[in-house]
>>> print(open('input-v3.cif').read())   # mmCIF, C-alpha atoms
data_start
#
loop_
_atom_site.group_PDB
_atom_site.id
_atom_site.type_symbol
_atom_site.label_atom_id
_atom_site.label_comp_id
_atom_site.auth_asym_id
_atom_site.auth_seq_id
_atom_site.Cartn_x
_atom_site.Cartn_y
_atom_site.Cartn_z
ATOM 1 C CA MET A 1 -11.237 -26.308 -3.945
ATOM 2 C CA ASN A 2 -7.670 -27.546 -4.080
ATOM 3 C CA TYR A 3 -5.798 -24.913 -2.049
ATOM 4 C CA GLY A 4 -2.363 -26.222 -2.956
ATOM 5 C CA GLU A 5 -3.285 -25.980 -6.629
ATOM 6 C CA LEU A 6 -4.589 -22.450 -6.013
ATOM 7 C CA ILE A 7 -1.232 -21.380 -4.549
ATOM 8 C CA GLY A 8 0.644 -23.109 -7.372
ATOM 9 C CA ASP A 9 -1.502 -21.436 -10.036
ATOM 10 C CA ALA A 10 -0.963 -18.022 -8.454
ATOM 11 C CA PHE A 11 2.774 -18.667 -8.386
ATOM 12 C CA ARG A 12 2.844 -19.743 -12.046
ATOM 13 C CA VAL A 13 0.832 -16.726 -13.164
ATOM 14 C CA THR A 14 3.254 -14.485 -11.274
ATOM 15 C CA LEU A 15 6.382 -16.220 -12.582
ATOM 16 C CA HIS A 16 5.333 -16.521 -16.225
ATOM 17 C CA ASN A 17 3.880 -13.014 -16.602
ATOM 18 C CA ARG A 18 6.559 -10.783 -15.210
ATOM 19 C CA PHE A 19 5.106 -7.659 -16.818
ATOM 20 C CA LEU A 20 2.447 -7.822 -14.104
ATOM 21 C CA TRP A 21 5.106 -7.072 -11.487
ATOM 22 C CA PHE A 22 4.949 -3.425 -12.475
ATOM 23 C CA PHE A 23 1.296 -3.306 -11.420
ATOM 24 C CA GLY A 24 1.967 -5.519 -8.422
ATOM 25 C CA PHE A 25 4.365 -2.935 -7.044
ATOM 26 C CA PHE A 26 1.635 -0.265 -6.931
ATOM 27 C CA ALA A 27 -1.138 -2.670 -5.903
ATOM 28 C CA GLY A 28 1.060 -4.052 -2.935
ATOM 29 C CA GLY A 29 11.009 18.178 7.213
ATOM 30 C CA SER A 30 11.999 21.169 6.642
ATOM 31 C CA THR A 31 15.691 21.991 6.525
ATOM 32 C CA GLY A 32 17.153 25.278 7.531
ATOM 33 C CA PHE A 33 20.313 26.960 6.422
ATOM 34 C CA ASN A 34 22.414 29.680 7.905
ATOM 35 C CA VAL A 35 23.737 32.698 6.070
ATOM 36 C CA PRO A 36 26.767 34.225 7.799
ATOM 37 C CA THR A 37 26.391 37.905 8.632
ATOM 38 C CA ASN A 38 29.083 40.381 9.511
ATOM 39 C CA LEU A 39 28.359 42.838 12.304
ATOM 40 C CA PRO A 40 30.307 46.079 12.554
ATOM 41 C CA SER A 41 33.427 45.761 14.635
ATOM 42 C CA GLY A 42 35.566 48.319 16.405
ATOM 43 C CA GLY A 43 35.800 50.027 19.721
ATOM 44 C CA ASN A 44 33.502 52.968 18.950
ATOM 45 C CA PHE A 45 29.765 52.423 18.690
ATOM 46 C CA ASN A 46 28.232 54.099 15.620
ATOM 47 C CA PHE A 47 24.422 54.219 15.524
ATOM 48 C CA ASP A 48 24.373 54.676 11.736
ATOM 49 C CA ASP A 49 26.508 51.563 11.282
ATOM 50 C CA PHE A 50 24.238 49.670 13.680
ATOM 51 C CA GLN A 51 21.093 50.801 11.856
ATOM 52 C CA GLN A 52 22.617 49.858 8.470
ATOM 53 C CA SER A 53 23.670 46.454 9.791
ATOM 54 C CA ASN A 54 20.235 45.921 11.320
ATOM 55 C CA THR A 55 18.641 46.733 7.959
ATOM 56 C CA MET A 56 20.991 44.313 6.175
ATOM 57 C CA LEU A 57 20.254 41.622 8.779
ATOM 58 C CA SER A 58 16.513 42.103 8.310
ATOM 59 C CA ALA A 59 16.900 41.805 4.545
ATOM 60 C CA VAL A 60 18.912 38.606 4.965
ATOM 61 C CA GLN A 61 16.291 37.211 7.356
ATOM 62 C CA ILE A 62 13.523 38.067 4.898
ATOM 63 C CA GLY A 63 15.505 36.381 2.128
ATOM 64 C CA GLN A 64 16.000 33.331 4.300
ATOM 65 C CA GLY A 65 12.307 33.239 5.102
ATOM 66 C CA LEU A 66 11.356 33.524 1.437
ATOM 67 C CA GLY A 67 13.891 30.845 0.518
ATOM 68 C CA LYS A 68 12.550 28.486 3.160
ATOM 69 C CA GLY A 69 9.000 29.232 2.064
ATOM 70 C CA VAL A 70 9.813 28.428 -1.560
ATOM 71 C CA ILE A 71 11.528 25.197 -0.522
ATOM 72 C CA ILE A 72 8.592 24.162 1.665
ATOM 73 C CA VAL A 73 6.042 24.941 -1.040
ATOM 74 C CA GLY A 74 8.129 23.044 -3.568
ATOM 75 C CA LEU A 75 8.415 20.016 -1.292
ATOM 76 C CA VAL A 76 4.674 20.049 -0.614
ATOM 77 C CA VAL A 77 3.919 20.228 -4.337
ATOM 78 C CA VAL A 78 6.323 17.363 -5.078
ATOM 79 C CA ALA A 79 4.850 15.291 -2.219
ATOM 80 C CA LEU A 80 1.300 15.902 -3.493
ATOM 81 C CA ILE A 81 2.275 15.007 -7.053
ATOM 82 C CA LEU A 82 3.905 11.784 -5.852
ATOM 83 C CA ALA A 83 0.917 10.953 -3.637
ATOM 84 C CA PHE A 84 -1.581 11.479 -6.466
ATOM 85 C CA PHE A 85 0.628 9.496 -8.840
ATOM 86 C CA PHE A 86 0.810 6.517 -6.477
ATOM 87 C CA ILE A 87 -2.940 6.687 -5.784
ATOM 88 C CA PHE A 88 -3.643 6.842 -9.508
ATOM 89 C CA MET A 89 -1.327 3.937 -10.264
ATOM 90 C CA ALA A 90 -2.719 1.889 -7.359
ATOM 91 C CA ILE A 91 -6.228 2.228 -8.769
ATOM 92 C CA VAL A 92 -5.094 1.449 -12.323
ATOM 93 C CA SER A 93 -3.073 -1.538 -11.104
ATOM 94 C CA GLN A 94 -6.012 -3.077 -9.253
ATOM 95 C CA GLY A 95 -8.061 -3.218 -12.416
ATOM 96 C CA ALA A 96 -5.116 -4.241 -14.585
ATOM 97 C CA LEU A 97 -4.178 -7.170 -12.357
ATOM 98 C CA ALA A 98 -7.695 -8.483 -11.780
ATOM 99 C CA ASP A 99 -8.596 -8.405 -15.471
ATOM 100 C CA SER A 100 -5.240 -9.765 -16.652
ATOM 101 C CA VAL A 101 -5.136 -12.677 -14.208
ATOM 102 C CA ALA A 102 -8.722 -13.608 -15.100
ATOM 103 C CA ALA A 103 -7.877 -13.472 -18.818
ATOM 104 C CA ILE A 104 -4.707 -15.531 -18.340
ATOM 105 C CA ASP A 105 -6.709 -18.090 -16.358
ATOM 106 C CA ARG A 106 -9.079 -18.387 -19.337
ATOM 107 C CA GLY A 107 -6.099 -19.086 -21.578
ATOM 108 C CA ASP A 108 -5.950 -15.650 -23.186
ATOM 109 C CA ARG A 109 -2.702 -13.822 -23.792
ATOM 110 C CA ARG A 110 -1.964 -10.512 -22.113
ATOM 111 C CA ARG A 111 0.764 -7.921 -22.494
ATOM 112 C CA PHE A 112 1.684 -4.784 -20.593
ATOM 113 C CA GLY A 113 -0.229 -2.507 -22.958
ATOM 114 C CA SER A 114 -3.469 -4.477 -22.785
ATOM 115 C CA ALA A 115 -3.189 -4.725 -19.007
ATOM 116 C CA PHE A 116 -2.655 -0.988 -18.674
ATOM 117 C CA ARG A 117 -5.602 -0.226 -20.969
ATOM 118 C CA SER A 118 -7.778 -2.516 -18.884
ATOM 119 C CA GLY A 119 -6.704 -0.716 -15.725
ATOM 120 C CA MET A 120 -7.504 2.648 -17.289
ATOM 121 C CA GLY A 121 -10.840 1.372 -18.552
ATOM 122 C CA ASN A 122 -11.824 0.320 -15.031
ATOM 123 C CA PHE A 123 -10.328 3.382 -13.318
ATOM 124 C CA TRP A 124 -13.522 5.191 -12.320
ATOM 125 C CA ARG A 125 -15.308 2.021 -11.277
ATOM 126 C CA VAL A 126 -12.398 0.913 -9.089
ATOM 127 C CA LEU A 127 -12.124 4.422 -7.643
ATOM 128 C CA GLY A 128 -15.819 4.324 -6.774
ATOM 129 C CA TYR A 129 -15.304 0.910 -5.193
ATOM 130 C CA PHE A 130 -12.538 2.280 -2.955
ATOM 131 C CA ILE A 131 -14.674 5.259 -1.934
ATOM 132 C CA VAL A 132 -17.656 3.043 -1.068
ATOM 133 C CA PHE A 133 -15.576 0.648 1.027
ATOM 134 C CA PHE A 134 -13.782 3.539 2.707
ATOM 135 C CA LEU A 135 -17.150 4.970 3.763
ATOM 136 C CA ILE A 136 -18.332 1.545 4.916
ATOM 137 C CA ALA A 137 -15.160 1.113 6.979
ATOM 138 C CA ILE A 138 -15.576 4.554 8.552
ATOM 139 C CA GLY A 139 -19.186 3.766 9.411
ATOM 140 C CA LEU A 140 -18.268 0.447 11.023
ATOM 141 C CA LEU A 141 -15.458 2.091 12.977
ATOM 142 C CA LEU A 142 -17.927 4.616 14.331
ATOM 143 C CA VAL A 143 -20.405 1.877 15.243
ATOM 144 C CA ILE A 144 -17.687 0.118 17.231
ATOM 145 C CA GLY A 145 -15.814 3.153 18.488
ATOM 146 C CA ILE A 146 -18.691 5.261 19.825
ATOM 147 C CA PRO A 147 -19.946 2.650 22.362
ATOM 148 C CA VAL A 148 -16.344 1.974 23.395
ATOM 149 C CA ALA A 149 -15.731 5.672 23.985
ATOM 150 C CA ILE A 150 -19.005 6.016 25.907
ATOM 151 C CA LEU A 151 -18.264 3.027 28.158
ATOM 152 C CA ILE A 152 -14.708 4.043 28.941
ATOM 153 C CA GLY A 153 -15.508 7.744 29.228
ATOM 154 C CA GLY A 154 -18.518 7.027 31.417
ATOM 155 C CA THR A 155 -16.443 4.839 33.719
ATOM 156 C CA PHE A 156 -13.819 7.561 34.115
ATOM 157 C CA ALA A 157 -16.583 10.073 34.835
ATOM 158 C CA VAL A 158 -18.502 8.119 37.490
ATOM 159 C CA THR A 159 -15.644 6.607 39.467
ATOM 160 C CA GLN A 160 -12.237 7.637 40.703
ATOM 161 C CA SER A 161 -11.133 4.059 41.304
ATOM 162 C CA VAL A 162 -8.001 3.324 39.323
ATOM 163 C CA GLY A 163 -8.701 -0.409 39.432
ATOM 164 C CA ALA A 164 -12.208 0.001 38.040
ATOM 165 C CA ARG A 165 -10.968 2.292 35.296
ATOM 166 C CA ILE A 166 -8.202 -0.102 34.266
ATOM 167 C CA THR A 167 -10.517 -3.122 34.380
ATOM 168 C CA VAL A 168 -13.189 -1.489 32.247
ATOM 169 C CA ALA A 169 -10.626 -0.104 29.797
ATOM 170 C CA VAL A 170 -8.928 -3.490 29.373
ATOM 171 C CA VAL A 171 -12.182 -5.461 29.041
ATOM 172 C CA VAL A 172 -13.773 -2.986 26.657
ATOM 173 C CA GLY A 173 -10.527 -2.726 24.677
ATOM 174 C CA LEU A 174 -10.356 -6.501 24.243
ATOM 175 C CA LEU A 175 -14.011 -6.649 23.208
ATOM 176 C CA ALA A 176 -13.433 -3.817 20.735
ATOM 177 C CA PHE A 177 -10.408 -5.634 19.307
ATOM 178 C CA LEU A 178 -12.438 -8.821 18.858
ATOM 179 C CA ALA A 179 -15.243 -6.809 17.276
ATOM 180 C CA LEU A 180 -12.789 -5.280 14.819
ATOM 181 C CA ILE A 181 -11.565 -8.748 13.832
ATOM 182 C CA VAL A 182 -15.098 -10.118 13.507
ATOM 183 C CA VAL A 183 -16.179 -7.168 11.367
ATOM 184 C CA PHE A 184 -13.148 -6.279 9.294
ATOM 185 C CA VAL A 185 -11.884 -9.736 8.342
ATOM 186 C CA PRO A 186 -15.170 -10.538 6.539
ATOM 187 C CA LEU A 187 -15.227 -6.989 5.166
ATOM 188 C CA SER A 188 -11.751 -7.428 3.676
ATOM 189 C CA ILE A 189 -12.825 -10.706 2.043
ATOM 190 C CA VAL A 190 -16.022 -9.147 0.708
ATOM 191 C CA GLY A 191 -13.886 -6.296 -0.628
ATOM 192 C CA GLN A 192 -11.646 -8.750 -2.490
ATOM 193 C CA TYR A 193 -14.665 -10.388 -4.078
ATOM 194 C CA ALA A 194 -16.369 -7.077 -4.861
ATOM 195 C CA LEU A 195 -13.310 -5.774 -6.704
ATOM 196 C CA ARG A 196 -13.340 -8.850 -8.958
ATOM 197 C CA GLU A 197 -17.089 -8.480 -9.460
ATOM 198 C CA ILE A 198 -16.492 -4.947 -10.747
ATOM 199 C CA VAL A 199 -13.557 -5.779 -13.027
ATOM 200 C CA VAL A 200 -14.238 -9.355 -14.137
ATOM 201 C CA ARG A 201 -18.052 -9.452 -14.086
ATOM 202 C CA ARG A 202 -18.502 -5.758 -14.904
ATOM 203 C CA GLU A 203 -20.930 -5.274 -12.018
ATOM 204 C CA ARG A 204 -22.005 -1.861 -10.818
ATOM 205 C CA ILE A 205 -20.232 -0.540 -7.750
ATOM 206 C CA LEU A 206 -23.046 -0.941 -5.216
ATOM 207 C CA ALA A 207 -24.205 -4.197 -6.797
ATOM 208 C CA SER A 208 -20.684 -5.562 -6.457
ATOM 209 C CA VAL A 209 -20.846 -5.076 -2.688
ATOM 210 C CA GLY A 210 -23.997 -7.177 -2.510
ATOM 211 C CA SER A 211 -22.559 -9.796 -4.862
ATOM 212 C CA GLY A 212 -19.329 -9.958 -2.877
ATOM 213 C CA TYR A 213 -21.235 -10.360 0.362
ATOM 214 C CA GLY A 214 -23.430 -13.058 -1.160
ATOM 215 C CA LEU A 215 -20.384 -14.975 -2.377
ATOM 216 C CA PHE A 216 -18.818 -14.736 1.067
ATOM 217 C CA ARG A 217 -22.002 -15.841 2.820
ATOM 218 C CA ARG A 218 -22.362 -18.888 0.557
ATOM 219 C CA ASN A 219 -18.718 -19.837 1.123
ATOM 220 C CA ILE A 220 -17.951 -18.670 4.668
ATOM 221 C CA GLY A 221 -15.749 -21.600 5.593
ATOM 222 C CA ARG A 222 -13.777 -21.644 2.364
ATOM 223 C CA SER A 223 -13.464 -17.869 2.325
ATOM 224 C CA LEU A 224 -12.060 -17.770 5.845
ATOM 225 C CA LEU A 225 -9.668 -20.598 5.017
ATOM 226 C CA ILE A 226 -8.506 -18.727 1.901
ATOM 227 C CA TRP A 227 -7.923 -15.662 4.062
ATOM 228 C CA LEU A 228 -6.015 -17.656 6.699
ATOM 229 C CA ILE A 229 -3.823 -19.303 4.066
ATOM 230 C CA GLN A 230 -3.105 -15.900 2.544
ATOM 231 C CA LEU A 231 -2.278 -14.529 5.997
ATOM 232 C CA GLY A 232 0.159 -17.371 6.634
ATOM 233 C CA LEU A 233 1.730 -16.929 3.214
ATOM 234 C CA SER A 234 2.058 -13.186 3.804
ATOM 235 C CA ILE A 235 3.818 -13.721 7.130
ATOM 236 C CA GLY A 236 6.188 -16.287 5.643
ATOM 237 C CA ILE A 237 6.929 -14.149 2.595
ATOM 238 C CA ALA A 238 7.475 -11.072 4.779
ATOM 239 C CA ILE A 239 9.978 -12.907 6.994
ATOM 240 C CA ALA A 240 11.855 -14.317 4.002
ATOM 241 C CA PHE A 241 11.781 -10.926 2.275
ATOM 242 C CA ILE A 242 13.214 -9.118 5.309
ATOM 243 C CA LEU A 243 15.985 -11.703 5.681
ATOM 244 C CA VAL A 244 16.902 -11.489 1.993
ATOM 245 C CA VAL A 245 16.840 -7.689 2.100
ATOM 246 C CA LEU A 246 19.147 -7.656 5.122
ATOM 247 C CA ILE A 247 21.573 -10.176 3.599
ATOM 248 C CA VAL A 248 21.696 -8.542 0.170
ATOM 249 C CA GLY A 249 21.919 -5.070 1.688
ATOM 250 C CA LEU A 250 24.780 -6.150 3.939
ATOM 251 C CA VAL A 251 26.683 -7.800 1.082
ATOM 252 C CA LEU A 252 26.288 -4.727 -1.122
ATOM 253 C CA ALA A 253 27.298 -2.431 1.747
ATOM 254 C CA ILE A 254 30.533 -4.295 2.572
ATOM 255 C CA PRO A 255 32.728 -2.265 0.156
ATOM 256 C CA ALA A 256 31.341 1.027 1.457
ATOM 257 C CA ILE A 257 31.807 -0.088 5.078
ATOM 258 C CA ALA A 258 35.375 -1.222 4.377
ATOM 259 C CA LEU A 259 36.256 2.080 2.715
ATOM 260 C CA ALA A 260 34.662 4.041 5.539
ATOM 261 C CA VAL A 261 36.661 2.085 8.137
ATOM 262 C CA ALA A 262 39.807 2.734 6.111
ATOM 263 C CA GLY A 263 39.057 6.435 6.200
ATOM 264 C CA VAL A 264 38.388 6.810 2.468
ATOM 265 C CA SER A 265 35.211 8.816 2.813
ATOM 266 C CA THR A 266 34.866 9.750 -0.846
ATOM 267 C CA GLY A 267 35.261 6.138 -1.949
ATOM 268 C CA ALA A 268 32.797 5.052 0.736
ATOM 269 C CA TRP A 269 30.160 7.470 -0.577
ATOM 270 C CA ILE A 270 30.721 6.312 -4.156
ATOM 271 C CA ALA A 271 30.540 2.639 -3.153
ATOM 272 C CA GLY A 272 27.412 3.340 -1.117
ATOM 273 C CA GLY A 273 25.793 5.069 -4.076
ATOM 274 C CA ILE A 274 26.608 2.158 -6.385
ATOM 275 C CA ALA A 275 25.224 -0.292 -3.802
ATOM 276 C CA ALA A 276 22.005 1.739 -3.563
ATOM 277 C CA LEU A 277 21.652 1.784 -7.363
ATOM 278 C CA ILE A 278 21.985 -2.008 -7.409
ATOM 279 C CA PHE A 279 19.764 -2.611 -4.374
ATOM 280 C CA LEU A 280 16.830 -0.341 -5.310
ATOM 281 C CA PRO A 281 15.838 -2.115 -8.563
ATOM 282 C CA LEU A 282 16.092 -5.499 -6.835
ATOM 283 C CA PHE A 283 13.860 -4.217 -4.024
ATOM 284 C CA LEU A 284 11.268 -2.827 -6.452
ATOM 285 C CA VAL A 285 11.208 -6.036 -8.490
ATOM 286 C CA ALA A 286 10.761 -8.187 -5.376
ATOM 287 C CA THR A 287 7.930 -6.054 -3.994
ATOM 288 C CA GLY A 288 6.248 -6.060 -7.404
ATOM 289 C CA ALA A 289 6.410 -9.853 -7.612
ATOM 290 C CA ILE A 290 5.010 -10.239 -4.098
ATOM 291 C CA GLY A 291 2.162 -7.835 -4.823
ATOM 292 C CA THR A 292 1.348 -9.661 -8.049
ATOM 293 C CA PHE A 293 1.269 -13.038 -6.310
ATOM 294 C CA SER A 294 -1.081 -11.790 -3.595
ATOM 295 C CA HIS A 295 -3.439 -10.216 -6.112
ATOM 296 C CA ALA A 296 -3.367 -13.270 -8.382
ATOM 297 C CA TYR A 297 -4.083 -15.506 -5.390
ATOM 298 C CA TRP A 298 -7.312 -13.654 -4.587
ATOM 299 C CA THR A 299 -8.388 -13.371 -8.216
ATOM 300 C CA LEU A 300 -7.920 -17.091 -8.801
ATOM 301 C CA ALA A 301 -9.700 -17.887 -5.526
ATOM 302 C CA TYR A 302 -12.623 -15.738 -6.665
ATOM 303 C CA LEU A 303 -12.688 -17.462 -10.049
ATOM 304 C CA ARG A 304 -12.615 -20.904 -8.427
ATOM 305 C CA LEU A 305 -15.525 -20.037 -6.142
ATOM 306 C CA THR A 306 -17.643 -18.595 -8.955
ATOM 307 C CA ALA A 307 -16.745 -21.216 -11.576
ATOM 308 C CA PRO A 308 -19.279 -23.894 -12.563
ATOM 309 C CA PRO A 309 -18.561 -27.394 -11.218
ATOM 310 C CA ARG A 310 -16.953 -28.561 -14.460
ATOM 311 C CA THR A 311 -13.814 -26.544 -15.254
ATOM 312 C CA ALA A 312 -10.967 -27.198 -17.613
ATOM 313 C CA PRO A 313 -7.362 -26.854 -16.476
ATOM 314 C CA SER A 314 -5.952 -23.415 -17.150
ATOM 315 C CA GLN A 315 -3.042 -22.618 -19.403
ATOM 316 C CA TYR A 316 -0.721 -19.824 -18.417
ATOM 317 C CA PRO A 317 0.896 -18.154 -21.438
ATOM 318 C CA THR A 318 4.098 -16.409 -20.709
ATOM 319 C CA GLY A 319 4.355 -12.673 -21.015
#
>>> encode(input="input-v3.cif", output="structure tokens")
Amino acid sequence: MNYGELIGDAFRVTLHNRFLWFFGFFAGGSTGFNVPTNLPSGGNFNFDDFQQSNTMLSAVQIGQGLGKGVIIVGLVVVALILAFFFIFMAIVSQGALADSVAAIDRGDRRRFGSAFRSGMGNFWRVLGYFIVFFLIAIGLLLVIGIPVAILIGGTFAVTQSVGARITVAVVVGLLAFLALIVVFVPLSIVGQYALREIVVRRERILASVGSGYGLFRRNIGRSLLIWLIQLGLSIGIAIAFILVVLIVGLVLAIPAIALAVAGVSTGAWIAGGIAALIFLPLFLVATGAIGTFSHAYWTLAYLRLTAPPRTAPSQYPTG
């Protein structure tokens, strides 16, 4: 496998099919308010006035409580709707990207509509894939975590020595960390392969896990190298992305900062709002492109590993 060519192909797929950035974006308190109340004033205390004021205060407090309750319920509903929307779109986007990148690699042409239909067509299978791997991850965490808890808890129970407790906790913690790396790095690679088995090869959910594991086992060295290259790319892209975000954000915020320093608060708020309206689309587009590149990288790596020895160069139609 030519890893430089793999990176270049992923970059070209991302650059020439910008409609995929939409899918790449998804694939990559309570506030109180005070109501002023007027208490009876005057030098003479009147119990009737006090009782009436107390009743009015109670009514206001009840109204405040109901208002806060409605706001909280509304916020919870909105948060749940947004959460379900993002989960739904994340699942759709996984299938849309995997199928579209594979089709583009074959030389087929894809558009937003066909990609979205593919994502919807694979929705339940991809959802089942996520559930299966979530359960596998929980099981592996328990396998690692229970012995760790027993060792550390047992040490704290049998000895009062601070040195012994710290030593055991540090040693066991390091071993647990290494175990997590040894277990979850291969699991993440198997998960990448299994997703493509489901979408590209149309495998069943449980069969895809076995197929993904078999592909990893036959290509351990190359798979780990693919993962390391992707890790390095992710770190480099993240650093560059943060720097660009800071620079662009600072440039866009200069007018608002200048107006705020000059004491023109209204102008500062308007300038800040305009800067946010300019910055937000740029941020969403950049994150979508990064997510698309990462997904395309793994899809193309999967296709290269599963391709027969003789392959023709791919053509990447623009979208």
>>> residues_around(input="input-v3.cif", residues="range 217-225 of chain A", least_positions_apart="2", cutoff="8 Å", atoms="all atoms listed in the file", output="count of residues only")
9
>>> atom_distance(input="input-v3.cif", atom1="CA of Leu174 in chain A", atom2="CA of Ala137 in chain A")
19.5 Å
>>> resolve_selection(input="input-v3.cif", expression="the PyMOL selection byres ((chain A and resi 146-153) around 10)", output="ChimeraX atom specification")
/A:141-145,154-158,165-173,175-176
>>> atom_distance(input="input-v3.cif", atom1="CA of Thr287 in chain A", atom2="CA of Thr14 in chain A")
12.1 Å
>>> resolve_selection(input="input-v3.cif", expression="the PyMOL selection byres ((chain A and resi 90) around 10)", output="short mmCIF file (atom, residue, chain, number, x, y, z; two decimals) with C-alpha atoms, keeping the file's coordinate frame")
data_model
loop_
_atom_site.label_atom_id
_atom_site.label_comp_id
_atom_site.auth_asym_id
_atom_site.auth_seq_id
_atom_site.Cartn_x
_atom_site.Cartn_y
_atom_site.Cartn_z
CA PHE A 23 1.30 -3.31 -11.42
CA GLY A 24 1.97 -5.52 -8.42
CA PHE A 25 4.36 -2.94 -7.04
CA PHE A 26 1.64 -0.26 -6.93
CA ALA A 27 -1.14 -2.67 -5.90
CA GLY A 28 1.06 -4.05 -2.94
CA PHE A 84 -1.58 11.48 -6.47
CA PHE A 85 0.63 9.50 -8.84
CA PHE A 86 0.81 6.52 -6.48
CA ILE A 87 -2.94 6.69 -5.78
CA PHE A 88 -3.64 6.84 -9.51
CA MET A 89 -1.33 3.94 -10.26
CA ILE A 91 -6.23 2.23 -8.77
CA VAL A 92 -5.09 1.45 -12.32
CA SER A 93 -3.07 -1.54 -11.10
CA GLN A 94 -6.01 -3.08 -9.25
CA GLY A 95 -8.06 -3.22 -12.42
CA ALA A 96 -5.12 -4.24 -14.58
CA GLY A 119 -6.70 -0.72 -15.72
CA PHE A 123 -10.33 3.38 -13.32
CA VAL A 126 -12.40 0.91 -9.09
CA LEU A 127 -12.12 4.42 -7.64
#
